[in-house]
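Next comes structure26.cif, with mmCIF, C-alpha atoms.
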data_final
loop_
_atom_site.label_atom_id
_atom_site.label_comp_id
_atom_site.auth_asym_id
_atom_site.auth_seq_id
_atom_site.Cartn_x
_atom_site.Cartn_y
_atom_site.Cartn_z
CA MET C 1 -29.34 0.67 15.06
CA ARG C 2 -26.22 1.57 16.99
CA GLY C 3 -22.67 1.88 15.65
CA ARG C 4 -19.61 0.20 17.13
CA ASN C 5 -19.00 3.24 19.31
CA GLY C 6 -22.57 3.36 20.60
CA GLU C 7 -23.86 6.20 18.40
CA THR C 8 -27.41 5.94 17.09
CA LEU C 9 -27.67 5.48 13.31
CA ALA C 10 -30.88 6.10 11.33
CA LEU C 11 -30.83 3.47 8.62
CA ASP C 12 -33.76 3.50 6.24
CA PRO C 13 -32.75 1.43 3.17
CA GLN C 14 -34.96 3.48 0.86
CA GLU C 15 -33.32 6.71 2.02
CA LEU C 16 -29.83 5.19 2.00
CA ALA C 17 -30.32 4.12 -1.62
CA LYS C 18 -30.52 7.80 -2.54
CA ARG C 19 -27.21 8.64 -0.85
CA HIS C 20 -23.72 8.29 -2.29
CA PRO C 21 -22.48 4.66 -2.03
CA ALA C 22 -19.35 5.83 -0.18
CA GLU C 23 -21.52 7.21 2.63
CA VAL C 24 -23.45 3.94 2.84
CA ALA C 25 -20.19 2.00 2.89
CA GLU C 26 -19.03 4.11 5.82
CA LEU C 27 -22.24 3.30 7.69
CA LEU C 28 -21.77 -0.42 7.04
CA HIS C 29 -18.23 -0.14 8.37
CA ARG C 30 -19.39 1.56 11.58
CA LEU C 31 -22.05 -1.05 12.37
CA PRO C 32 -21.37 -4.28 14.26
CA GLU C 33 -21.13 -7.18 11.81
CA LYS C 34 -24.56 -8.64 12.57
CA GLU C 35 -26.35 -5.32 12.04
CA ALA C 36 -24.25 -4.58 8.94
CA VAL C 37 -25.30 -7.88 7.39
CA GLU C 38 -28.97 -7.14 8.14
CA LEU C 39 -28.67 -3.71 6.52
CA LEU C 40 -26.85 -5.18 3.52
CA ARG C 41 -29.75 -7.59 2.97
CA GLU C 42 -32.17 -4.67 3.04
CA LEU C 43 -30.00 -2.75 0.60
CA TYR C 44 -29.98 -5.81 -1.64
CA LYS C 45 -33.77 -5.58 -1.87
CA VAL C 46 -33.54 -1.99 -3.17
CA ARG C 47 -30.58 -2.83 -5.47
CA ALA C 48 -28.13 -0.61 -3.57
CA ALA C 49 -25.89 -3.28 -2.02
CA ALA C 50 -23.43 -3.73 -4.89
CA ASP C 51 -22.52 -0.03 -5.21
CA SER C 52 -21.96 0.20 -1.45
CA LEU C 53 -19.70 -2.85 -1.29
CA GLU C 54 -17.60 -1.45 -4.14
CA GLU C 55 -16.71 1.46 -1.86
CA MET C 56 -15.62 -0.75 1.05
CA ASP C 57 -12.26 -2.38 1.64
CA PRO C 58 -12.38 -5.78 -0.10
CA ASP C 59 -11.68 -7.70 3.11
CA GLU C 60 -14.57 -6.01 4.92
CA ALA C 61 -16.90 -6.54 1.97
CA ALA C 62 -15.92 -10.21 1.83
CA GLU C 63 -16.69 -10.68 5.55
CA LEU C 64 -20.20 -9.33 5.03
CA LEU C 65 -20.84 -11.40 1.91
CA GLU C 66 -19.79 -14.58 3.69
CA GLU C 67 -22.65 -14.07 6.14
CA LEU C 68 -25.27 -13.77 3.39
CA PRO C 69 -27.17 -16.63 1.78
CA GLN C 70 -25.30 -17.74 -1.32
CA ARG C 71 -28.11 -16.65 -3.64
CA GLU C 72 -27.99 -13.07 -2.33
CA ALA C 73 -24.17 -12.93 -2.23
CA THR C 74 -23.99 -14.14 -5.83
CA ALA C 75 -26.60 -11.64 -7.01
CA ILE C 76 -24.75 -8.76 -5.35
CA LEU C 77 -21.42 -9.79 -6.88
CA SER C 78 -23.04 -10.05 -10.31
CA ARG C 79 -24.06 -6.39 -10.09
CA MET C 80 -20.61 -5.16 -9.03
CA GLU C 81 -17.99 -3.93 -11.48
CA PRO C 82 -15.89 -6.98 -12.46
CA ASP C 83 -12.62 -5.62 -11.08
CA ASP C 84 -14.25 -4.75 -7.74
CA ALA C 85 -16.02 -8.11 -7.60
CA VAL C 86 -12.72 -9.95 -8.15
CA ASP C 87 -11.07 -7.94 -5.35
CA VAL C 88 -13.75 -9.22 -3.00
CA LEU C 89 -13.46 -12.80 -4.28
CA GLU C 90 -9.72 -12.69 -3.56
CA GLU C 91 -10.56 -12.28 0.13
CA LEU C 92 -12.89 -15.29 0.28
CA PRO C 93 -11.90 -18.95 0.85
CA ARG C 94 -11.27 -20.81 -2.38
CA ASP C 95 -14.16 -23.23 -1.87
CA VAL C 96 -16.58 -20.34 -1.29
CA VAL C 97 -15.32 -18.66 -4.48
CA GLU C 98 -15.96 -21.79 -6.52
CA GLU C 99 -19.47 -22.14 -5.09
CA ILE C 100 -20.30 -18.51 -5.90
CA LEU C 101 -18.87 -18.67 -9.42
CA GLY C 102 -20.67 -21.96 -10.03
CA HIS C 103 -23.97 -20.40 -8.97
CA LEU C 104 -23.24 -17.29 -11.02
CA GLN C 105 -22.64 -19.50 -14.06
CA THR C 106 -26.33 -20.37 -14.05
CA LEU C 107 -27.43 -16.75 -13.61
CA ASP C 108 -25.04 -14.88 -15.86
CA ARG C 109 -22.64 -17.11 -17.76
CA GLU C 110 -20.81 -14.21 -19.42
CA LYS C 111 -20.20 -12.44 -16.10
CA ALA C 112 -18.98 -15.66 -14.52
CA GLU C 113 -16.46 -16.21 -17.32
CA ILE C 114 -15.21 -12.63 -17.01
CA LEU C 115 -14.68 -13.04 -13.27
CA ARG C 116 -12.86 -16.35 -13.77
CA GLN C 117 -10.52 -14.73 -16.29
CA LEU C 118 -9.75 -11.82 -13.98
CA PHE C 119 -9.42 -14.12 -10.97
CA ALA C 120 -6.58 -15.91 -12.77
CA TYR C 121 -4.36 -12.81 -12.48
CA PRO C 122 -2.59 -11.95 -9.20
CA PRO C 123 -4.44 -9.08 -7.48
CA ASP C 124 -1.38 -6.80 -7.38
CA THR C 125 -0.85 -6.83 -11.16
CA ALA C 126 -2.30 -4.88 -14.07
CA GLY C 127 -4.36 -7.95 -14.98
CA GLY C 128 -5.80 -8.12 -11.48
CA LEU C 129 -6.59 -4.40 -11.47
CA MET C 130 -8.09 -4.09 -14.92
CA SER C 131 -11.75 -3.94 -15.87
CA PRO C 132 -12.87 -5.71 -19.06
CA GLU C 133 -15.75 -3.24 -19.48
CA HIS C 134 -14.10 -0.83 -21.89
CA VAL C 135 -15.18 0.83 -25.12
CA ALA C 136 -13.60 -0.53 -28.30
CA LEU C 137 -14.55 0.52 -31.83
CA PRO C 138 -13.65 -0.76 -35.31
CA ALA C 139 -11.25 1.43 -37.25
CA ASP C 140 -13.34 1.77 -40.40
CA ILE C 141 -16.60 3.14 -39.01
CA THR C 142 -17.41 6.85 -39.26
CA VAL C 143 -17.40 9.34 -36.41
CA HIS C 144 -21.20 9.48 -36.60
CA GLU C 145 -21.45 5.71 -36.24
CA ALA C 146 -18.93 5.76 -33.39
CA ILE C 147 -20.96 8.31 -31.41
CA GLU C 148 -24.12 6.27 -31.90
CA ARG C 149 -22.35 3.18 -30.57
CA LEU C 150 -21.07 5.10 -27.58
CA ARG C 151 -24.59 6.15 -26.70
CA ARG C 152 -25.67 2.51 -26.65
CA VAL C 153 -22.81 1.18 -24.52
CA ALA C 154 -22.21 4.16 -22.23
CA ALA C 155 -24.16 2.67 -19.33
CA GLU C 156 -22.19 -0.61 -19.44
CA ALA C 157 -18.67 0.81 -19.69
CA GLU C 158 -16.73 1.62 -16.53
CA THR C 159 -15.43 4.82 -18.07
CA ILE C 160 -15.28 6.51 -21.43
CA TYR C 161 -12.27 8.72 -20.84
CA TYR C 162 -10.76 7.18 -23.94
CA VAL C 163 -12.10 5.15 -26.85
CA TYR C 164 -9.88 2.33 -28.09
CA VAL C 165 -9.73 1.31 -31.73
CA VAL C 166 -9.28 -2.38 -32.55
CA ASN C 167 -9.22 -4.61 -35.61
CA GLU C 168 -11.44 -7.64 -36.19
CA ALA C 169 -9.21 -9.82 -34.01
CA GLY C 170 -9.43 -7.38 -31.12
CA ARG C 171 -5.86 -6.14 -31.54
CA LEU C 172 -5.33 -2.57 -30.36
CA LEU C 173 -4.68 -0.16 -33.22
CA GLY C 174 -5.03 3.25 -31.62
CA VAL C 175 -6.83 5.49 -29.17
CA LEU C 176 -8.87 8.67 -29.29
CA SER C 177 -10.61 10.87 -26.77
CA LEU C 178 -14.22 12.04 -26.69
CA ARG C 179 -12.92 15.46 -27.65
CA ASP C 180 -11.48 13.96 -30.85
CA LEU C 181 -14.87 12.50 -31.72
CA VAL C 182 -16.92 15.58 -30.87
CA PHE C 183 -14.88 17.95 -33.01
CA ALA C 184 -14.38 15.64 -36.00
CA LYS C 185 -16.64 15.69 -39.03
CA PRO C 186 -19.40 13.01 -38.85
CA SER C 187 -18.26 11.43 -42.11
CA THR C 188 -14.61 11.05 -41.02
CA ARG C 189 -13.36 7.51 -40.47
CA VAL C 190 -12.20 6.66 -36.96
CA ARG C 191 -8.92 5.40 -38.42
CA GLU C 192 -8.15 8.92 -39.68
CA ILE C 193 -8.37 10.63 -36.29
CA MET C 194 -7.08 7.93 -33.95
CA ARG C 195 -3.65 8.15 -32.37
CA PRO C 196 -1.67 5.01 -33.24
CA GLU C 197 1.01 5.57 -30.58
CA VAL C 198 -0.60 4.09 -27.47
CA VAL C 199 1.07 3.57 -24.10
CA THR C 200 -0.06 0.13 -22.97
CA LEU C 201 0.28 -2.11 -19.94
CA ARG C 202 0.98 -5.84 -19.85
CA PRO C 203 -1.23 -7.94 -17.55
CA GLU C 204 1.76 -9.23 -15.56
CA MET C 205 3.03 -5.72 -14.67
CA SER C 206 3.11 -5.06 -10.92
CA ALA C 207 0.91 -2.49 -9.22
CA GLU C 208 4.03 -0.39 -8.59
CA GLU C 209 4.85 -0.34 -12.31
CA VAL C 210 1.26 0.59 -13.12
CA ALA C 211 1.37 3.44 -10.58
CA GLN C 212 4.61 4.67 -12.12
CA ALA C 213 2.96 4.75 -15.56
CA PHE C 214 0.09 6.87 -14.24
CA ASP C 215 2.56 9.20 -12.53
CA LYS C 216 4.75 9.50 -15.62
CA TYR C 217 2.11 10.07 -18.29
CA GLY C 218 -0.75 11.61 -16.33
CA TYR C 219 -3.44 9.63 -18.18
CA LEU C 220 -6.77 8.75 -16.59
CA ALA C 221 -6.73 5.18 -17.92
CA PHE C 222 -4.40 2.71 -19.63
CA PRO C 223 -5.24 -0.20 -21.93
CA VAL C 224 -3.97 -3.66 -20.98
CA VAL C 225 -2.86 -5.86 -23.90
CA ASP C 226 -1.45 -9.37 -24.22
CA GLU C 227 1.65 -10.45 -26.13
CA ALA C 228 -0.23 -10.31 -29.44
CA GLY C 229 -1.47 -6.79 -28.75
CA LYS C 230 -5.06 -7.89 -28.11
CA LEU C 231 -6.98 -5.49 -25.88
CA LEU C 232 -7.88 -7.27 -22.61
CA GLY C 233 -9.20 -4.39 -20.51
CA ILE C 234 -8.33 -1.06 -18.94
CA VAL C 235 -6.90 0.14 -15.64
CA THR C 236 -8.36 3.45 -14.49
CA MET C 237 -6.97 6.03 -12.12
CA ASP C 238 -9.36 5.10 -9.32
CA ASP C 239 -8.32 1.43 -9.57
CA ILE C 240 -4.66 2.17 -8.99
CA LEU C 241 -5.39 4.92 -6.46
CA ASP C 242 -7.23 2.47 -4.22
CA THR C 243 -4.35 0.01 -4.54
CA VAL C 244 -1.67 2.60 -3.79
CA ILE C 245 -3.53 3.91 -0.74
CA LEU C 246 -3.97 0.37 0.58
CA ARG C 247 -0.32 -0.49 -0.12
CA ASP C 248 0.98 2.68 1.53
CA THR C 249 -1.24 2.07 4.56
CA GLU C 250 0.05 -1.48 4.86
CA GLU C 251 3.67 -0.31 4.62
CA MET C 252 3.08 2.36 7.26
CA TYR C 253 1.52 -0.24 9.56
CA LYS C 254 4.37 -2.67 8.99
CA MET C 255 7.02 -0.07 9.75
CA VAL C 256 5.50 0.49 13.20
CA ASN C 257 4.46 -3.17 13.65
CA VAL C 258 0.70 -2.57 13.64
CA PRO C 259 -1.43 -5.26 11.96
CA ARG C 260 -3.23 -4.24 8.78
CA GLU C 261 -6.55 -5.55 10.11
CA GLU C 262 -6.75 -3.04 12.96
CA ARG C 263 -8.90 0.08 12.71
CA VAL C 264 -9.60 3.00 15.03
CA ASP C 265 -12.87 1.42 16.13
CA THR C 266 -11.51 -2.12 16.51
CA PRO C 267 -12.58 -3.47 19.96
CA TRP C 268 -9.85 -3.11 22.58
CA TYR C 269 -9.52 -6.86 23.16
CA GLU C 270 -9.02 -7.45 19.42
CA SER C 271 -6.40 -4.67 19.27
CA LEU C 272 -4.68 -6.29 22.24
CA ARG C 273 -4.50 -9.62 20.39
CA LEU C 274 -3.09 -7.97 17.27
CA ARG C 275 -0.52 -5.71 18.94
CA LEU C 276 0.77 -7.76 21.87
CA PRO C 277 2.92 -10.22 19.86
CA TRP C 278 4.89 -7.34 18.33
CA LEU C 279 5.29 -5.74 21.76
CA TYR C 280 6.82 -8.98 23.01
CA ILE C 281 9.24 -8.94 20.08
CA ASN C 282 10.15 -5.34 20.93
CA LEU C 283 10.58 -6.38 24.55
CA ALA C 284 13.05 -9.09 23.53
CA THR C 285 15.14 -6.58 21.58
CA ALA C 286 14.98 -4.16 24.52
CA PHE C 287 16.40 -6.84 26.80
CA LEU C 288 19.21 -7.34 24.29
CA ALA C 289 20.10 -3.65 24.58
CA ALA C 290 19.72 -3.87 28.36
CA SER C 291 22.19 -6.76 28.46
CA VAL C 292 24.80 -4.50 26.87
CA VAL C 293 24.16 -1.87 29.53
CA GLY C 294 24.37 -4.55 32.21
CA ALA C 295 27.80 -5.63 30.95
CA PHE C 296 29.09 -2.12 31.67
CA GLU C 297 27.30 -1.69 34.99
CA GLY C 298 30.56 -1.08 36.79
CA VAL C 299 31.57 1.67 34.36
CA ILE C 300 28.19 3.42 34.79
CA ALA C 301 28.54 3.20 38.56
CA LYS C 302 31.91 4.97 38.39
CA ILE C 303 31.02 7.43 35.64
CA SER C 304 27.33 8.24 36.10
CA ALA C 305 27.50 11.00 33.49
CA LEU C 306 27.60 8.33 30.76
CA ALA C 307 24.03 7.32 31.64
CA ILE C 308 22.84 10.82 30.77
CA PHE C 309 24.03 10.50 27.18
CA MET C 310 22.83 6.94 26.55
CA PRO C 311 19.30 7.90 25.37
CA VAL C 312 20.77 10.80 23.36
CA VAL C 313 23.14 8.60 21.35
CA ALA C 314 20.62 5.76 20.88
CA GLY C 315 17.70 8.10 20.11
CA GLN C 316 19.54 10.15 17.49
CA GLY C 317 20.77 6.96 15.82
CA GLY C 318 17.22 5.60 15.70
CA ASN C 319 15.82 8.84 14.24
CA ALA C 320 18.52 9.02 11.56
CA GLY C 321 18.06 5.35 10.74
CA MET C 322 14.28 5.72 10.29
CA GLN C 323 14.91 8.60 7.88
CA THR C 324 17.10 6.29 5.80
CA VAL C 325 14.66 3.35 6.01
CA THR C 326 11.77 5.58 4.90
CA ILE C 327 13.65 7.09 1.95
CA VAL C 328 15.01 3.76 0.69
CA THR C 329 11.69 1.91 1.18
CA ARG C 330 9.85 4.61 -0.73
CA GLY C 331 12.47 4.50 -3.49
CA ILE C 332 12.03 0.75 -3.83
CA ALA C 333 8.23 1.12 -3.98
CA LEU C 334 8.52 3.73 -6.74
CA GLY C 335 11.01 1.68 -8.74
CA GLU C 336 13.84 4.15 -8.17
CA VAL C 337 16.21 1.54 -6.72
CA PRO C 338 17.20 -1.07 -9.33
CA PRO C 339 19.35 -3.91 -7.94
CA GLY C 340 22.54 -2.47 -9.45
CA ARG C 341 22.28 0.69 -7.33
CA ALA C 342 22.29 -1.02 -3.94
CA LEU C 343 26.01 -0.48 -3.19
CA ARG C 344 25.81 3.12 -4.35
CA ILE C 345 22.89 3.78 -1.99
CA LEU C 346 24.70 2.09 0.90
CA ALA C 347 27.80 4.21 0.29
CA LYS C 348 25.74 7.40 0.17
CA GLU C 349 23.89 6.64 3.43
CA VAL C 350 27.12 5.72 5.24
CA LEU C 351 28.73 8.97 4.07
CA LEU C 352 25.63 10.90 5.09
CA GLY C 353 25.68 9.18 8.47
CA LEU C 354 29.31 10.20 8.92
CA PHE C 355 28.67 13.87 8.23
CA ASN C 356 25.45 13.89 10.26
CA GLY C 357 27.37 12.24 13.07
CA LEU C 358 30.15 14.82 12.92
CA ALA C 359 27.66 17.69 12.99
CA VAL C 360 25.42 16.30 15.74
CA GLY C 361 28.30 14.73 17.65
CA PHE C 362 30.09 18.09 17.83
CA VAL C 363 27.07 19.61 19.57
CA VAL C 364 26.67 16.66 21.96
CA GLY C 365 30.38 16.63 22.75
CA ALA C 366 30.39 20.37 23.37
CA VAL C 367 27.40 20.07 25.72
CA ALA C 368 29.14 17.25 27.62
CA PHE C 369 32.34 19.28 27.95
CA VAL C 370 30.60 22.47 29.11
CA TRP C 371 28.27 20.61 31.47
CA LYS C 372 30.83 18.36 33.20
CA HIS C 373 34.00 20.34 32.44
CA ASN C 374 35.66 17.20 31.11
CA PRO C 375 37.02 17.21 27.54
CA PHE C 376 37.37 13.40 27.54
CA LEU C 377 33.66 12.97 28.32
CA GLY C 378 32.95 15.27 25.38
CA LEU C 379 35.26 13.14 23.19
CA VAL C 380 33.48 9.90 24.22
CA ALA C 381 30.05 11.38 23.47
CA PHE C 382 31.29 12.77 20.15
CA LEU C 383 32.84 9.50 18.95
CA ALA C 384 29.84 7.42 20.10
CA MET C 385 27.46 9.71 18.24
CA VAL C 386 29.53 9.61 15.03
CA GLY C 387 29.80 5.83 15.18
CA ASN C 388 26.10 5.27 15.85
CA MET C 389 25.02 7.65 13.08
CA VAL C 390 27.23 5.75 10.61
CA ILE C 391 25.70 2.48 11.84
CA ALA C 392 22.21 3.99 11.46
CA GLY C 393 22.90 4.92 7.85
CA LEU C 394 24.37 1.51 7.03
CA VAL C 395 21.66 -0.52 8.76
CA GLY C 396 18.84 1.79 7.69
CA ALA C 397 19.73 1.24 4.04
CA SER C 398 20.59 -2.45 4.44
CA ILE C 399 17.24 -3.44 5.99
CA PRO C 400 14.93 -2.64 3.04
CA LEU C 401 17.56 -3.62 0.46
CA GLY C 402 18.23 -6.91 2.24
CA LEU C 403 14.54 -7.73 2.69
CA ARG C 404 13.94 -7.06 -1.00
CA ALA C 405 16.85 -9.37 -1.94
CA LEU C 406 15.19 -12.11 0.14
CA GLY C 407 11.89 -11.55 -1.66
CA LEU C 408 10.26 -9.99 1.42
CA ASP C 409 8.40 -6.72 1.88
CA PRO C 410 11.00 -3.96 2.47
CA ALA C 411 8.77 -2.37 5.11
CA LEU C 412 8.52 -5.58 7.14
CA ALA C 413 9.50 -5.04 10.79
CA SER C 414 11.93 -2.26 9.82
CA SER C 415 11.57 -0.36 13.09
CA VAL C 416 12.22 -3.45 15.24
CA ILE C 417 15.38 -4.43 13.35
CA LEU C 418 16.66 -0.86 13.18
CA THR C 419 16.19 0.03 16.85
CA THR C 420 17.83 -3.24 17.86
CA PHE C 421 21.02 -2.17 16.08
CA THR C 422 20.99 1.52 16.99
CA ASP C 423 20.18 0.94 20.66
CA THR C 424 22.49 -2.02 21.21
CA LEU C 425 25.47 -0.69 19.26
CA GLY C 426 24.89 2.88 20.45
CA PHE C 427 25.08 1.78 24.08
CA PHE C 428 28.07 -0.44 23.31
CA LEU C 429 30.00 2.40 21.65
CA LEU C 430 29.31 4.92 24.40
CA LEU C 431 29.96 2.59 27.31
CA GLY C 432 32.83 0.79 25.58
CA LEU C 433 34.64 4.08 24.94
CA GLY C 434 33.88 5.08 28.53
CA TYR C 435 35.43 1.84 29.75
CA MET C 436 38.57 2.44 27.68
CA LEU C 437 38.96 6.02 28.93
CA GLN C 438 37.64 5.58 32.46
CA GLY C 439 41.05 6.55 33.85
CA VAL C 440 40.64 10.14 32.59
CA LEU C 441 36.85 10.40 33.00
#

Before anything else, please render the file you have as structure tokens.
Amino acid sequence: MRGRNGETLALDPQELAKRHPAEVAELLHRLPEKEAVELLRELYKVRAAADSLEEMDPDEAAELLEELPQREATAILSRMEPDDAVDVLEELPRDVVEEILGHLQTLDREKAEILRQLFAYPPDTAGGLMSPEHVALPADITVHEAIERLRRVAAEAETIYYVYVVNEAGRLLGVLSLRDLVFAKPSTRVREIMRPEVVTLRPEMSAEEVAQAFDKYGYLAFPVVDEAGKLLGIVTMDDILDTVILRDTEEMYKMVNVPREERVDTPWYESLRLRLPWLYINLATAFLAASVVGAFEGVIAKISALAIFMPVVAGQGGNAGMQTVTIVTRGIALGEVPPGRALRILAKEVLLGLFNGLAVGFVVGAVAFVWKHNPFLGLVAFLAMVGNMVIAGLVGASIPLGLRALGLDPALASSVILTTFTDTLGFFLLLGLGYMLQGVL
């Protein structure tokens, strides 16, 4: 078989089954869809398809599963970890999901019910990220009995970083590590060595809040409990890591107006379809800035030196504004910007823009004076730079804060909105000041 870039790929399913699933997932990604589906069917025969799909992006995995016969797609999903299987189901049409879950109900009723329960939670919440395959032990059994139980369920659990202790109703009572069990006396009751103070997650918590918990406490997994304290499942480090990487990638793409679906090996015609609409939007904003320049065409004709400093003023404003957008957007994502701090952040960025403008504007003004031997040209360049840097700070902070207030993604189209302001107002300030002082320029 040949990959999307024409390279030859040796794909023996029996040999691939011996390799790490992440490597197989990469091969599936590099193949054209038709060949990837054929290989996936071969991997299904050697029971290696589920592990490979778990390593792929959910949207790519869903595209491949849609091309399989329903019986095979259902069987593969039934062998996947529940949280990974739900991620893939989220990418499929609702009618396809119902068909698959209905078919799975006849094959594995318990697995179907688990997937339905997880599917009810939004994908970007603790409930949507959690896995129900955790290890829970009664409080009154001995350490010896606990270890014996762990040996029996180890293959079914997603991870045994921690062992959770529950009562008969499934309510979480405490937690202990494998180290606690190994070093305790066999006759000791689990209740005696468990730690009753447990940091828990609620199923409705956002992925950002979950990530903050992992960052704050440094645990490898967190239990998810309902209002009554009943243990529902666990969120592991790899679950949230995948989500954070995907979220950060999406935000980076949005800030530069690149669609999330595009990859390095996306065919050129598909990349053209995805990128061109945003380029047209950028073109419209560029014409807006050009209209400002056109309004001062007479001034530029008389004072050609102003044209030299136009890209300097606009470019520095854009760079400073993107610094602000990036810092504020990241702060929002990490939960560092509660609604009550918005005005304080705006004030800080405006003040920072003022001092940045004074520092940079002094250099630009000095260069203009030395170059053209005209102190008034230096003054115009200085004032335009100060004004545009202040605007960059104000707009750069307002964009993500304003988008969040509207319930939109703070990273959405930030670069387009920002450059529209910094270019248009930067040109207006420079040329407007030039118009006012043209008698001495």

*Please provide the set of residues having any atom within 10 Å of Tyr435 in chain C, restricted to only C-alpha atoms, with same-chain residues fewer than 5 positions apart removed, written as number ranges by chain.*
C: 296, 298-300, 302-303, 380, 429-430, 441

*With a distance cut-off of 12 Å and all atoms listed in the file, select the neighbouring residues of Leu433 in chain C, excluding the residue or stretch itself and same-chain residues fewer than 5 positions from it, and output the selection as a list of chain:residue names.*
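In the requested format, the answer is C:Phe296, C:Val299, C:Ile300, C:Ile303, C:Leu306, C:Phe376, C:Leu377, C:Gly378, C:Leu379, C:Val380, C:Ala381, C:Phe382, C:Leu383, C:Ala384, C:Met385, C:Gly387, C:Leu425, C:Gly426, C:Phe427, C:Phe428, C:Gln438, C:Gly439, C:Val440, C:Leu441.
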
*Is there a way to get, as an NGL selection string, all residues within 12 Å of the point (-5.6, -14.2, -8.8) in file coordinates, counting only C-alpha atoms?*
:C and (83 or 86-92 or 94 or 97 or 115-129 or 203-204)

*asked:* Neighbouring residues of Val163 in chain C were defined as those with any atom within 7 Å, considering all atoms listed in the file; residues of the same chain fewer than 6 positions away were excluded. Please report them as a list in words.
replied: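 With the cut-off at 7 Å, the set is Val135, Ala136, Val175, Leu176 and Ser177 of chain C.
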
*To one decimal in Å, tell me the separation between CA of Gly331 in chain C and CA of Leu343 in chain C.*
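Computing the Euclidean distance for CA of Gly331 in chain C and CA of Leu343 in chain C yields 14.4 Å.
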
*Find the spatial neighbours of range 40-49 of chain C, counting only C-alpha atoms, within a cut-off of 12 Å - ignore same-chain residues fewer than 3 positions away - and output them as a ChimeraX atom specification.*
/C:11-25,27-29,31,33-37,52-56,61,63-80

*With the file shown as input, list the residues that the PyMOL selection byres ((chain C and resi 281) around 12) selects, as a PyMOL selection string.*
chain C and resi 257+275-280+282-288+413+415-417+419-420

*asked:* I'd like to see the residues matched by the PyMOL selection byres ((chain C and resi 201) around 6) on this file, and ideally I'd get them as a list in words.
replied: Thr200, Arg202 and Val224 of chain C

File of the preceding selection, C-alpha atoms, as an mmCIF file, in the frame of the given file:
data_model
loop_
_atom_site.group_PDB
_atom_site.id
_atom_site.type_symbol
_atom_site.label_atom_id
_atom_site.label_comp_id
_atom_site.auth_asym_id
_atom_site.auth_seq_id
_atom_site.Cartn_x
_atom_site.Cartn_y
_atom_site.Cartn_z
ATOM 1 C CA THR C 200 -0.060 0.130 -22.970
ATOM 2 C CA ARG C 202 0.980 -5.840 -19.850
ATOM 3 C CA VAL C 224 -3.970 -3.660 -20.980
#

*Expected answer as number ranges by chain: all residues with atoms within 10 Å of (28.6, 9.4, 10.6), all atoms listed in the file*: C: 317, 349-361, 383-394

*Run through the PyMOL selection byres ((chain C and resi 337) around 12) on the given coordinates and return the selected residues as number ranges by chain.*
C: 327-336, 338-346, 397, 400-401, 404-405, 410

Would you compute an axis-aligned box for range 173-188 of chain C, covering every atom listed for it in the file with 3 Å of margin on each side, and report centre and edge lengths in Å to one decimal as AutoDock Vina command-line options?
--center_x -12.0 --center_y 8.9 --center_z -34.4 --size_x 20.7 --size_y 24.1 --size_z 21.4

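Across the structure, CA of Lys348 in chain C and CA of Leu403 in chain C are spaced 19.0 Å apart.
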
*Measure the distance from CA of Gln323 in chain C to CA of Ala207 in chain C in Å and round it to one decimal.*
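Pair CA of Gln323 in chain C / CA of Ala207 in chain C returns 24.7 Å.
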
*asked:* Which residues are near Glu81 in chain C? Cut-off 8 Å, all atoms listed in the file, ignore same chain within fewer than 3 positions. Put them as number ranges by chain.
replied: C: 54, 84-85, 131, 158

Is it possible to produce a file of range 114-122 of chain C from this structure, with N, CA and C atoms, as a short mmCIF file (atom, residue, chain, number, x, y, z; two decimals), in the first residue's frame?
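Once everything was written out, this is part04.cif:
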data_model
loop_
_atom_site.label_atom_id
_atom_site.label_comp_id
_atom_site.auth_asym_id
_atom_site.auth_seq_id
_atom_site.Cartn_x
_atom_site.Cartn_y
_atom_site.Cartn_z
N ILE C 114 -23.32 1.17 29.68
CA ILE C 114 -22.22 2.04 30.11
C ILE C 114 -22.00 3.17 29.10
N LEU C 115 -21.99 2.81 27.82
CA LEU C 115 -21.76 3.81 26.78
C LEU C 115 -22.91 4.82 26.73
N ARG C 116 -24.14 4.35 26.93
CA ARG C 116 -25.27 5.28 26.94
C ARG C 116 -25.17 6.27 28.09
N GLN C 117 -24.74 5.77 29.25
CA GLN C 117 -24.59 6.65 30.41
C GLN C 117 -23.51 7.70 30.16
N LEU C 118 -22.39 7.28 29.62
CA LEU C 118 -21.30 8.22 29.35
C LEU C 118 -21.68 9.19 28.23
N PHE C 119 -22.44 8.69 27.25
CA PHE C 119 -22.83 9.52 26.11
C PHE C 119 -23.75 10.65 26.53
N ALA C 120 -24.39 10.50 27.69
CA ALA C 120 -25.31 11.53 28.18
C ALA C 120 -24.56 12.77 28.66
N TYR C 121 -23.27 12.64 28.98
CA TYR C 121 -22.49 13.78 29.46
C TYR C 121 -21.85 14.51 28.28
N PRO C 122 -21.79 15.84 28.33
CA PRO C 122 -21.07 16.58 27.29
C PRO C 122 -19.61 16.12 27.23
#
